[in-house]
$ cat structure-v3.pdb   # PDB, C-alpha atoms and all ligand atoms
MODEL        1
ATOM      1  CA  MET Q 627      -7.434  21.636   5.194
ATOM      2  CA  LEU Q 628      -4.396  19.919   3.786
ATOM      3  CA  GLU Q 629      -5.110  17.109   1.417
ATOM      4  CA  CYS Q 630      -2.980  14.174   2.466
ATOM      5  CA  VAL Q 631      -4.810  11.162   1.086
ATOM      6  CA  ALA Q 632      -5.989  10.603  -2.471
ATOM      7  CA  SER Q 633      -9.692   9.878  -2.515
ATOM      8  CA  PHE Q 634     -11.270   7.379  -4.904
ATOM      9  CA  ASN Q 635     -14.955   6.813  -5.462
ATOM     10  CA  ASP Q 636     -14.682   3.094  -5.937
ATOM     11  CA  GLU Q 637     -12.214   0.300  -6.307
ATOM     12  CA  ASP Q 638     -12.134   0.486 -10.122
ATOM     13  CA  GLU Q 639     -11.108   4.127  -9.956
ATOM     14  CA  MET Q 640      -8.394   3.266  -7.448
ATOM     15  CA  ASN Q 641      -7.092   0.389  -9.572
ATOM     16  CA  ALA Q 642      -7.106   2.576 -12.675
ATOM     17  CA  ALA Q 643      -5.062   5.198 -10.866
ATOM     18  CA  ARG Q 644      -2.519   2.548  -9.904
ATOM     19  CA  LYS Q 645      -1.880   1.445 -13.517
ATOM     20  CA  PRO Q 646       1.555   2.661 -14.669
ATOM     21  CA  GLU Q 647       0.104   4.417 -17.731
ATOM     22  CA  ASN Q 648      -2.268   6.458 -15.542
ATOM     23  CA  ARG Q 649       0.131   7.313 -12.759
ATOM     24  CA  VAL Q 650       1.534  10.856 -12.488
ATOM     25  CA  GLU Q 651       5.150  10.333 -11.516
ATOM     26  CA  ALA Q 652       6.170  12.707  -8.766
ATOM     27  CA  GLY Q 653       8.354  15.516 -10.070
ATOM     28  CA  ARG Q 654       7.816  14.577 -13.764
ATOM     29  CA  PRO Q 655       5.599  16.392 -16.263
ATOM     30  CA  ASP Q 656       1.979  15.244 -16.274
ATOM     31  CA  GLN Q 657       1.527  13.009 -19.327
ATOM     32  CA  THR Q 658      -2.046  12.018 -18.594
ATOM     33  CA  GLY Q 659      -3.520  15.023 -20.334
ATOM     34  CA  SER Q 660      -5.519  15.803 -17.221
ATOM     35  CA  GLY Q 661      -3.905  19.186 -16.845
ATOM     36  CA  ALA Q 662      -3.269  18.470 -13.178
ATOM     37  CA  THR Q 663      -0.113  19.905 -11.694
ATOM     38  CA  PRO Q 664       1.986  16.957 -10.527
ATOM     39  CA  ARG Q 665       3.126  17.145  -6.945
ATOM     40  CA  ARG Q 666       6.877  17.132  -6.366
ATOM     41  CA  ALA Q 667       7.782  14.380  -3.926
ATOM     42  CA  GLU Q 668      10.703  14.460  -1.555
ATOM     43  CA  ALA Q 669      13.465  12.065  -2.505
ATOM     44  CA  THR Q 670      12.936   8.749  -0.732
ATOM     45  CA  PRO Q 671      16.338   7.117  -0.446
ATOM     46  CA  TYR Q 672      17.358   3.700   0.838
ATOM     47  CA  GLY Q 673      14.773   1.607  -0.949
ATOM     48  CA  THR Q 674      11.497   3.152   0.177
ATOM     49  CA  LEU Q 675       8.406   1.424  -1.240
ATOM     50  CA  PRO Q 676       6.624   3.230  -4.082
ATOM     51  CA  PRO Q 677       3.792   5.502  -2.940
ATOM     52  CA  ALA Q 678       0.385   3.912  -2.305
ATOM     53  CA  SER Q 679      -1.246   7.337  -2.376
ATOM     54  CA  SER Q 680      -0.286  10.884  -3.375
ATOM     55  CA  PRO Q 681       2.502  12.357  -1.302
ATOM     56  CA  ALA Q 682       1.296  14.602   1.519
ATOM     57  CA  THR Q 683       1.515  18.302   0.801
ATOM     58  CA  ARG Q 684       2.732  19.008   4.331
ATOM     59  CA  LYS Q 685       6.482  18.893   4.933
ATOM     60  CA  PRO Q 686       7.550  15.952   7.102
ATOM     61  CA  VAL Q 687       7.927  16.931  10.730
ATOM     62  CA  SER Q 688      11.572  16.587  11.715
ATOM     63  CA  LEU Q 689      13.570  17.516  14.794
ATOM     64  CA  PRO Q 690      14.932  20.754  13.258
ATOM     65  CA  ARG Q 691      11.372  21.592  12.199
ATOM     66  CA  LEU Q 692      10.053  21.103  15.740
ATOM     67  CA  MET Q 693      12.848  23.301  17.082
ATOM     68  CA  GLU Q 694      12.096  25.905  14.442
ATOM     69  CA  MET Q 695       8.384  25.832  15.417
ATOM     70  CA  ARG Q 696       9.350  26.331  19.043
ATOM     71  CA  ALA Q 697      11.628  29.277  18.138
ATOM     72  CA  ARG Q 698       8.909  30.854  15.968
ATOM     73  CA  GLY Q 699       6.244  30.359  18.601
ATOM     74  CA  GLU Q 700       4.118  27.983  16.511
ATOM     75  CA  LYS Q 701       2.425  25.633  18.973
ATOM     76  CA  ILE Q 702       3.214  21.939  18.578
ATOM     77  CA  ALA Q 703       0.111  19.710  18.444
ATOM     78  CA  MET Q 704       0.796  16.241  19.830
ATOM     79  CA  LEU Q 705      -1.741  13.453  20.276
ATOM     80  CA  THR Q 706      -1.479   9.833  21.304
ATOM     81  CA  ALA Q 707      -2.383   7.013  18.904
ATOM     82  CA  TYR Q 708      -1.926   3.292  19.216
ATOM     83  CA  ASP Q 709      -3.042   1.756  15.943
ATOM     84  CA  ALA Q 710      -2.645   2.247  12.193
ATOM     85  CA  THR Q 711      -6.035   3.772  11.377
ATOM     86  CA  PHE Q 712      -6.173   6.343  14.165
ATOM     87  CA  ALA Q 713      -2.551   7.246  13.445
ATOM     88  CA  ALA Q 714      -3.320   7.795   9.752
ATOM     89  CA  VAL Q 715      -6.390   9.897  10.599
ATOM     90  CA  ALA Q 716      -4.439  11.945  13.160
ATOM     91  CA  ASP Q 717      -1.747  12.539  10.588
ATOM     92  CA  ALA Q 718      -4.264  13.575   7.951
ATOM     93  CA  ALA Q 719      -5.856  15.934  10.495
ATOM     94  CA  GLY Q 720      -2.549  17.770  10.839
ATOM     95  CA  VAL Q 721      -1.161  16.507  14.134
ATOM     96  CA  ASP Q 722       2.566  17.338  14.343
ATOM     97  CA  CYS Q 723       3.612  14.543  16.698
ATOM     98  CA  ILE Q 724       2.015  11.181  17.408
ATOM     99  CA  LEU Q 725       2.881   9.789  20.805
ATOM    100  CA  VAL Q 726       2.565   6.033  21.106
ATOM    101  CA  GLY Q 727       2.161   6.409  24.841
ATOM    102  CA  ASP Q 728       2.275   3.659  27.407
ATOM    103  CA  SER Q 729      -1.209   4.972  28.257
ATOM    104  CA  LEU Q 730      -2.101   2.202  25.799
ATOM    105  CA  GLY Q 731      -1.962  -0.056  28.848
ATOM    106  CA  MET Q 732      -5.038   1.696  30.217
ATOM    107  CA  VAL Q 733      -6.700   2.643  26.924
ATOM    108  CA  CYS Q 734      -6.160  -0.557  24.897
ATOM    109  CA  GLN Q 735      -5.300  -3.232  27.434
ATOM    110  CA  GLY Q 736      -7.637  -2.323  30.295
ATOM    111  CA  LEU Q 737      -4.891  -2.109  32.894
ATOM    112  CA  SER Q 738      -5.415   0.078  35.940
ATOM    113  CA  SER Q 739      -2.118   1.959  35.414
ATOM    114  CA  THR Q 740       0.745   2.123  32.900
ATOM    115  CA  VAL Q 741       3.153   0.314  35.228
ATOM    116  CA  ALA Q 742       2.685  -3.184  33.756
ATOM    117  CA  VAL Q 743       3.081  -2.235  30.085
ATOM    118  CA  THR Q 744       5.842  -4.256  28.429
ATOM    119  CA  LEU Q 745       8.442  -3.324  25.853
ATOM    120  CA  GLU Q 746       6.963  -5.912  23.489
ATOM    121  CA  ALA Q 747       3.528  -4.236  23.718
ATOM    122  CA  MET Q 748       5.152  -0.869  22.984
ATOM    123  CA  ARG Q 749       7.103  -2.299  20.041
ATOM    124  CA  TYR Q 750       3.914  -3.800  18.581
ATOM    125  CA  HIS Q 751       1.923  -0.560  18.821
ATOM    126  CA  VAL Q 752       4.793   1.595  17.519
ATOM    127  CA  GLU Q 753       4.973  -0.716  14.519
ATOM    128  CA  CYS Q 754       1.187  -0.461  13.934
ATOM    129  CA  VAL Q 755       1.243   3.341  14.149
ATOM    130  CA  THR Q 756       4.258   3.601  11.878
ATOM    131  CA  ARG Q 757       2.628   1.374   9.278
ATOM    132  CA  GLY Q 758      -0.540   3.501   9.387
ATOM    133  CA  VAL Q 759       1.372   6.736   8.941
ATOM    134  CA  ARG Q 760       3.451   5.275   6.100
ATOM    135  CA  ARG Q 761       0.371   3.894   4.327
ATOM    136  CA  VAL Q 762      -0.894   7.443   3.824
ATOM    137  CA  GLN Q 763       2.620   8.796   3.342
ATOM    138  CA  GLY Q 764       2.072  10.758   6.507
ATOM    139  CA  THR Q 765       4.392  13.346   7.910
ATOM    140  CA  ALA Q 766       3.939  13.229  11.678
ATOM    141  CA  TRP Q 767       6.867  12.779  14.043
ATOM    142  CA  ILE Q 768       6.424   9.476  15.907
ATOM    143  CA  ILE Q 769       7.410   9.145  19.563
ATOM    144  CA  GLY Q 770       7.626   5.766  21.308
ATOM    145  CA  ASP Q 771       7.244   5.593  25.080
ATOM    146  CA  LEU Q 772       9.811   3.509  26.948
ATOM    147  CA  PRO Q 773       7.758   1.523  29.485
ATOM    148  CA  TYR Q 774       8.459   1.123  33.174
ATOM    149  CA  GLY Q 775      11.523  -1.041  33.848
ATOM    150  CA  SER Q 776      12.917  -0.722  30.319
ATOM    151  CA  TYR Q 777      15.382   2.112  31.059
ATOM    152  CA  HIS Q 778      15.751   2.106  34.833
ATOM    153  CA  GLU Q 779      18.745  -0.236  35.193
ATOM    154  CA  SER Q 780      21.386   1.537  33.139
ATOM    155  CA  PRO Q 781      21.925   3.769  30.106
ATOM    156  CA  GLU Q 782      22.979   0.630  28.215
ATOM    157  CA  GLN Q 783      19.643  -1.051  28.982
ATOM    158  CA  ALA Q 784      17.855   2.123  27.869
ATOM    159  CA  LEU Q 785      19.776   2.181  24.586
ATOM    160  CA  ARG Q 786      19.061  -1.471  23.871
ATOM    161  CA  ASN Q 787      15.328  -0.953  24.429
ATOM    162  CA  ALA Q 788      15.144   2.448  22.733
ATOM    163  CA  ALA Q 789      16.678   0.769  19.664
ATOM    164  CA  VAL Q 790      13.760  -1.701  19.644
ATOM    165  CA  LEU Q 791      11.253   1.189  19.413
ATOM    166  CA  VAL Q 792      13.309   3.131  16.878
ATOM    167  CA  GLN Q 793      13.677   0.014  14.730
ATOM    168  CA  ALA Q 794       9.886  -0.402  14.946
ATOM    169  CA  GLY Q 795       9.515   3.095  13.458
ATOM    170  CA  ALA Q 796       9.719   5.652  16.279
ATOM    171  CA  HIS Q 797      11.681   8.816  15.508
ATOM    172  CA  MET Q 798      12.148   9.599  19.181
ATOM    173  CA  VAL Q 799      11.700   7.885  22.543
ATOM    174  CA  LYS Q 800      10.102   9.274  25.692
ATOM    175  CA  LEU Q 801      11.087   8.465  29.237
ATOM    176  CA  GLU Q 802       9.815   9.678  32.581
ATOM    177  CA  GLY Q 803      11.569  11.343  35.481
ATOM    178  CA  GLY Q 804      14.427  13.717  36.269
ATOM    179  CA  GLY Q 805      17.742  13.617  38.110
ATOM    180  CA  TRP Q 806      18.799   9.996  37.634
ATOM    181  CA  THR Q 807      17.511  10.025  34.029
ATOM    182  CA  THR Q 808      19.903  12.811  32.951
ATOM    183  CA  GLU Q 809      22.827  10.452  32.296
ATOM    184  CA  THR Q 810      20.527   8.106  30.327
ATOM    185  CA  VAL Q 811      19.171  10.952  28.188
ATOM    186  CA  ARG Q 812      22.726  12.099  27.373
ATOM    187  CA  PHE Q 813      23.745   8.513  26.546
ATOM    188  CA  LEU Q 814      20.828   8.090  24.093
ATOM    189  CA  VAL Q 815      21.190  11.513  22.481
ATOM    190  CA  GLU Q 816      24.960  11.050  21.974
ATOM    191  CA  ARG Q 817      24.142   7.790  20.195
ATOM    192  CA  GLY Q 818      21.679   9.419  17.842
ATOM    193  CA  ILE Q 819      18.336   8.777  19.513
ATOM    194  CA  PRO Q 820      16.251  11.936  20.047
ATOM    195  CA  VAL Q 821      14.637  12.050  23.484
ATOM    196  CA  CYS Q 822      11.429  13.502  24.890
ATOM    197  CA  ALA Q 823      11.596  13.780  28.682
ATOM    198  CA  HIS Q 824       8.558  13.825  30.984
ATOM    199  CA  LEU Q 825       8.294  15.623  34.337
ATOM    200  CA  GLY Q 826       5.549  16.530  36.787
ATOM    201  CA  LEU Q 827       2.951  13.787  37.136
ATOM    202  CA  THR Q 828       4.837  10.765  35.858
ATOM    203  CA  PRO Q 829       2.253   7.949  35.610
ATOM    204  CA  GLN Q 830       4.830   5.138  35.801
ATOM    205  CA  THR Q 831       5.573   6.215  39.385
ATOM    206  CA  VAL Q 832       1.956   6.858  40.347
ATOM    207  CA  HIS Q 833       2.270   4.619  43.408
ATOM    208  CA  ALA Q 834       5.223   6.590  44.742
ATOM    209  CA  LEU Q 835       3.432   9.890  44.018
ATOM    210  CA  GLY Q 836       0.305   8.743  45.840
ATOM    211  CA  GLY Q 837      -2.083   9.212  42.920
ATOM    212  CA  TYR Q 838      -2.706  11.389  39.868
ATOM    213  CA  ARG Q 839      -1.987  14.714  41.559
ATOM    214  CA  VAL Q 840      -0.679  18.114  40.549
ATOM    215  CA  GLN Q 841       3.108  18.250  41.001
ATOM    216  CA  GLY Q 842       5.422  21.202  41.722
ATOM    217  CA  LYS Q 843       2.940  23.093  43.887
ATOM    218  CA  THR Q 844       5.275  23.862  46.794
ATOM    219  CA  GLU Q 845       8.340  26.067  46.367
ATOM    220  CA  ASP Q 846      10.625  23.109  47.213
ATOM    221  CA  ASP Q 847       8.971  20.825  44.646
ATOM    222  CA  ALA Q 848       9.058  23.584  42.033
ATOM    223  CA  ARG Q 849      12.794  24.115  42.684
ATOM    224  CA  VAL Q 850      13.525  20.409  42.095
ATOM    225  CA  LEU Q 851      11.384  20.356  38.959
ATOM    226  CA  ARG Q 852      13.173  23.451  37.593
ATOM    227  CA  ALA Q 853      16.590  21.889  38.255
ATOM    228  CA  HIS Q 854      15.588  18.615  36.580
ATOM    229  CA  ALA Q 855      14.201  20.408  33.530
ATOM    230  CA  LEU Q 856      17.404  22.413  33.012
ATOM    231  CA  GLU Q 857      19.541  19.273  33.445
ATOM    232  CA  LEU Q 858      17.435  17.396  30.887
ATOM    233  CA  GLN Q 859      17.861  20.223  28.378
ATOM    234  CA  GLU Q 860      21.636  20.200  28.998
ATOM    235  CA  ALA Q 861      21.644  16.424  28.440
ATOM    236  CA  GLY Q 862      20.062  16.953  25.038
ATOM    237  CA  ALA Q 863      16.333  16.274  25.496
ATOM    238  CA  SER Q 864      14.558  18.099  22.653
ATOM    239  CA  LEU Q 865      11.019  17.855  24.030
ATOM    240  CA  LEU Q 866       9.761  17.849  27.599
ATOM    241  CA  VAL Q 867       6.255  16.749  28.538
ATOM    242  CA  LEU Q 868       5.026  18.662  31.601
ATOM    243  CA  GLU Q 869       2.055  16.856  33.098
ATOM    244  CA  MET Q 870      -0.189  18.336  35.807
ATOM    245  CA  VAL Q 871       2.166  21.179  36.694
ATOM    246  CA  PRO Q 872       0.884  24.623  37.766
ATOM    247  CA  ALA Q 873       0.458  26.850  34.702
ATOM    248  CA  ARG Q 874       2.738  29.550  36.105
ATOM    249  CA  LEU Q 875       5.611  27.102  36.650
ATOM    250  CA  ALA Q 876       5.131  25.561  33.188
ATOM    251  CA  ALA Q 877       5.230  29.047  31.621
ATOM    252  CA  GLU Q 878       8.416  29.869  33.505
ATOM    253  CA  LEU Q 879      10.069  26.601  32.393
ATOM    254  CA  THR Q 880       8.989  27.177  28.795
ATOM    255  CA  GLU Q 881      10.692  30.563  28.863
ATOM    256  CA  ALA Q 882      13.841  29.120  30.477
ATOM    257  CA  LEU Q 883      14.208  26.181  28.052
ATOM    258  CA  ALA Q 884      15.225  27.712  24.728
ATOM    259  CA  ARG Q 885      16.520  24.419  23.279
ATOM    260  CA  CYS Q 886      13.835  22.086  24.585
ATOM    261  CA  ALA Q 887      10.178  22.489  23.660
ATOM    262  CA  THR Q 888       7.754  21.987  26.539
ATOM    263  CA  ILE Q 889       4.607  19.998  25.761
ATOM    264  CA  GLY Q 890       1.866  20.502  28.318
ATOM    265  CA  ILE Q 891      -0.898  18.241  29.544
ATOM    266  CA  GLY Q 892      -2.643  19.958  32.400
ATOM    267  CA  ALA Q 893       0.123  22.575  32.445
ATOM    268  CA  GLY Q 894      -1.631  25.662  31.092
ATOM    269  CA  ASN Q 895      -1.551  27.384  27.741
ATOM    270  CA  GLU Q 896       1.937  28.861  27.691
ATOM    271  CA  THR Q 897       3.869  25.704  26.903
ATOM    272  CA  ALA Q 898       5.411  25.269  23.442
ATOM    273  CA  GLY Q 899       2.861  22.581  22.616
ATOM    274  CA  GLN Q 900       0.094  20.391  23.975
ATOM    275  CA  VAL Q 901      -0.617  16.684  24.177
ATOM    276  CA  LEU Q 902      -3.774  14.751  25.021
ATOM    277  CA  VAL Q 903      -4.676  11.093  25.099
ATOM    278  CA  LEU Q 904      -6.724  10.387  21.948
ATOM    279  CA  HIS Q 905      -9.554   8.541  23.677
ATOM    280  CA  ASP Q 906      -9.937  11.320  26.259
ATOM    281  CA  MET Q 907     -10.287  14.079  23.664
ATOM    282  CA  LEU Q 908     -12.790  11.945  21.740
ATOM    283  CA  GLY Q 909     -14.923  11.785  24.892
ATOM    284  CA  MET Q 910     -14.393   8.029  25.274
ATOM    285  CA  ASN Q 911     -14.068   8.080  29.014
ATOM    286  CA  LEU Q 912     -16.729   6.389  31.103
ATOM    287  CA  GLY Q 913     -15.226   7.696  34.334
ATOM    288  CA  LYS Q 914     -14.699  11.263  35.491
ATOM    289  CA  MET Q 915     -12.880  13.259  32.843
ATOM    290  CA  ALA Q 916      -9.607  14.819  34.009
ATOM    291  CA  ARG Q 917      -9.737  18.598  34.387
ATOM    292  CA  PHE Q 918      -7.176  19.139  31.627
ATOM    293  CA  VAL Q 919      -9.225  17.366  28.917
ATOM    294  CA  ARG Q 920     -11.641  18.913  26.428
ATOM    295  CA  ASP Q 921     -14.055  16.620  24.584
ATOM    296  CA  PHE Q 922     -13.469  17.723  20.984
ATOM    297  CA  MET Q 923     -15.985  15.164  19.705
ATOM    298  CA  ALA Q 924     -18.832  17.066  21.369
ATOM    299  CA  ASP Q 925     -18.910  19.640  18.552
ATOM    300  CA  SER Q 926     -17.672  17.452  15.693
ATOM    301  CA  SER Q 927     -19.395  15.015  13.377
ATOM    302  CA  SER Q 928     -16.303  12.906  12.685
ATOM    303  CA  VAL Q 929     -13.166  11.736  14.424
ATOM    304  CA  ARG Q 930     -11.056  13.507  11.840
ATOM    305  CA  GLY Q 931     -13.068  16.698  12.430
ATOM    306  CA  ALA Q 932     -12.525  16.434  16.184
ATOM    307  CA  ILE Q 933      -8.778  16.011  15.738
ATOM    308  CA  GLU Q 934      -8.670  18.901  13.272
ATOM    309  CA  ALA Q 935     -10.493  21.044  15.862
ATOM    310  CA  TYR Q 936      -7.932  19.994  18.493
ATOM    311  CA  VAL Q 937      -5.010  20.898  16.212
ATOM    312  CA  ALA Q 938      -6.600  24.263  15.361
ATOM    313  CA  ALA Q 939      -7.307  25.034  19.041
ATOM    314  CA  VAL Q 940      -3.742  24.177  20.067
ATOM    315  CA  LYS Q 941      -2.282  26.227  17.208
ATOM    316  CA  ASP Q 942      -4.401  29.331  17.890
ATOM    317  CA  GLY Q 943      -3.965  29.042  21.651
ATOM    318  CA  SER Q 944      -7.679  28.612  22.420
ATOM    319  CA  PHE Q 945      -6.972  25.251  24.094
ATOM    320  CA  PRO Q 946      -6.258  24.865  26.920
ATOM    321  CA  VAL Q 947      -7.982  27.611  28.880
ATOM    322  CA  ASN Q 948      -6.069  28.122  32.110
ATOM    323  CA  ALA Q 949      -9.158  28.816  34.221
ATOM    324  CA  GLU Q 950     -10.807  25.571  33.054
ATOM    325  CA  HIS Q 951      -8.016  23.104  32.285
ATOM    326  CA  ALA Q 952      -5.076  24.022  34.484
ATOM    327  CA  TRP Q 953      -3.990  24.742  38.036
TER     328      TRP Q 953
HETATM  329  O1  LIG R   1       1.551   7.608  27.887
HETATM  330  C1  LIG R   1       1.056   8.688  27.529
HETATM  331  O2  LIG R   1       0.093   8.743  26.771
HETATM  332  C2  LIG R   1       1.665   9.907  28.031
HETATM  333  C3  LIG R   1       0.914  11.181  27.848
HETATM  334  C4  LIG R   1      -0.161  11.283  28.857
HETATM  335  C5  LIG R   1       1.810  12.365  27.871
HETATM  336  O3  LIG R   1       2.707   9.863  28.603
ENDMDL
END

$ encode --input "structure-v3.pdb" --output "structure tokens"
Amino acid sequence: MLECVASFNDEDEMNAARKPENRVEAGRPDQTGSGATPRRAEATPYGTLPPASSPATRKPVSLPRLMEMRARGEKIAMLTAYDATFAAVADAAGVDCILVGDSLGMVCQGLSSTVAVTLEAMRYHVECVTRGVRRVQGTAWIIGDLPYGSYHESPEQALRNAAVLVQAGAHMVKLEGGGWTTETVRFLVERGIPVCAHLGLTPQTVHALGGYRVQGKTEDDARVLRAHALELQEAGASLLVLEMVPARLAAELTEALARCATIGIGAGNETAGQVLVLHDMLGMNLGKMARFVRDFMADSSSVRGAIEAYVAAVKDGSFPVNAEHAW
């Protein structure tokens, strides 16, 4: 496993390591006499704070890197997180992308859907996650969900609110829906904000959809979904979450979208990546677990171990299993 966080046995050891005379400067010869090979840090321009821990050995996940993973066929492991500690642990466990999803409304706030989540709540949680990832000099790509009502009026409204999440630390924003969202996606991308789109079961419109149901099952629905996906790619969306979409349709879309990586949740195992809600995959669900979830905590003795098992299962294609987790 990659070592991302320096470990200290006690506070004295940690304080000693922080003293200038004991610190191994990144990229400079080791003058401590320890014989350790100093790690070479990436340049950190524009006034970044000095490291609080050793730089991660993993390369930071960037947009070109995600596109390169998609082209190479390396599966993208995405997971939600809403606070600093879980975000840092997810990063250390090797998650590629952390989604600060508006599912936080249900998971953290006890709401019955994501519809009432506010932009201010999203900003707060994006900031917490970003701080957690930075504290461990993490490398994950952070995605902030635009909540219901924050991008529906106009592309200008979407830009104003996307800027709030990006300024809080998100590298990319996510928004739900197709057709009418195409112009908004283009507007954001042209102004330098990477976008993750979201089709299929779109929880913000759960009332209009009549519940949490599989989408794109009929030929007509599949045709609309296909058209929306291609339009979103043309508009510049780099990632596309496909939620509760038949596995065959998701596989077909993945093949058709060369410049937009599909991320499945209940969409089978042929998408370019997978996402789950953190609390679901840790088995923290007192209700009926959705079909597309696996409880990774069941065979793990730690949260970090469970997330590492999730990342490994996504990467080697053993999760999800179409017969168990998809339609
Ligand atoms: O809000 C969220 O967590 C999401 C995922 C379920 C994809 O949108």

$ resolve_selection --input "structure-v3.pdb" --expression "the PyMOL selection byres (((not hetatm)) within 6 of (chain R and resi 1))" --output "PyMOL selection string"
chain Q and resi 706+727-729+903

$ resolve_selection --input "structure-v3.pdb" --expression "the PyMOL selection byres (((chain Q and resi 717) around 7) and not hetatm)" --output "JSON, numbers by chain"
{"Q": [713, 714, 715, 716, 718, 719, 720, 721, 759, 764, 765, 766]}

$ residues_around --input "structure-v3.pdb" --residues "Leu801 (chain Q)" --least-positions-apart "4" --cutoff "10 Å" --atoms "all atoms listed in the file" --output "list in words"
Gly770, Asp771, Leu772, Pro773, Tyr774, Ser776, Tyr777, His778, Ala784, Ala788, Thr807, Thr810, Val811, Val821, Cys822, Ala823, His824, Leu825, Thr828, Gln830, Leu866 and Val867 of chain Q

$ resolve_selection --input "structure-v3.pdb" --expression "the PyMOL selection byres (((chain Q and resi 890-902) around 8) and not hetatm)" --output "JSON, numbers by chain"
{"Q": [696, 699, 700, 701, 702, 703, 704, 705, 706, 867, 868, 869, 870, 871, 872, 873, 874, 876, 877, 880, 887, 888, 889, 903, 904, 906, 907, 917, 918, 919, 940, 943, 945, 946, 947, 948, 951, 952, 953]}

$ atom_distance --input "structure-v3.pdb" --atom1 "CA of Leu875 (chain Q)" --atom2 "CA of Glu934 (chain Q)"
28.6 Å
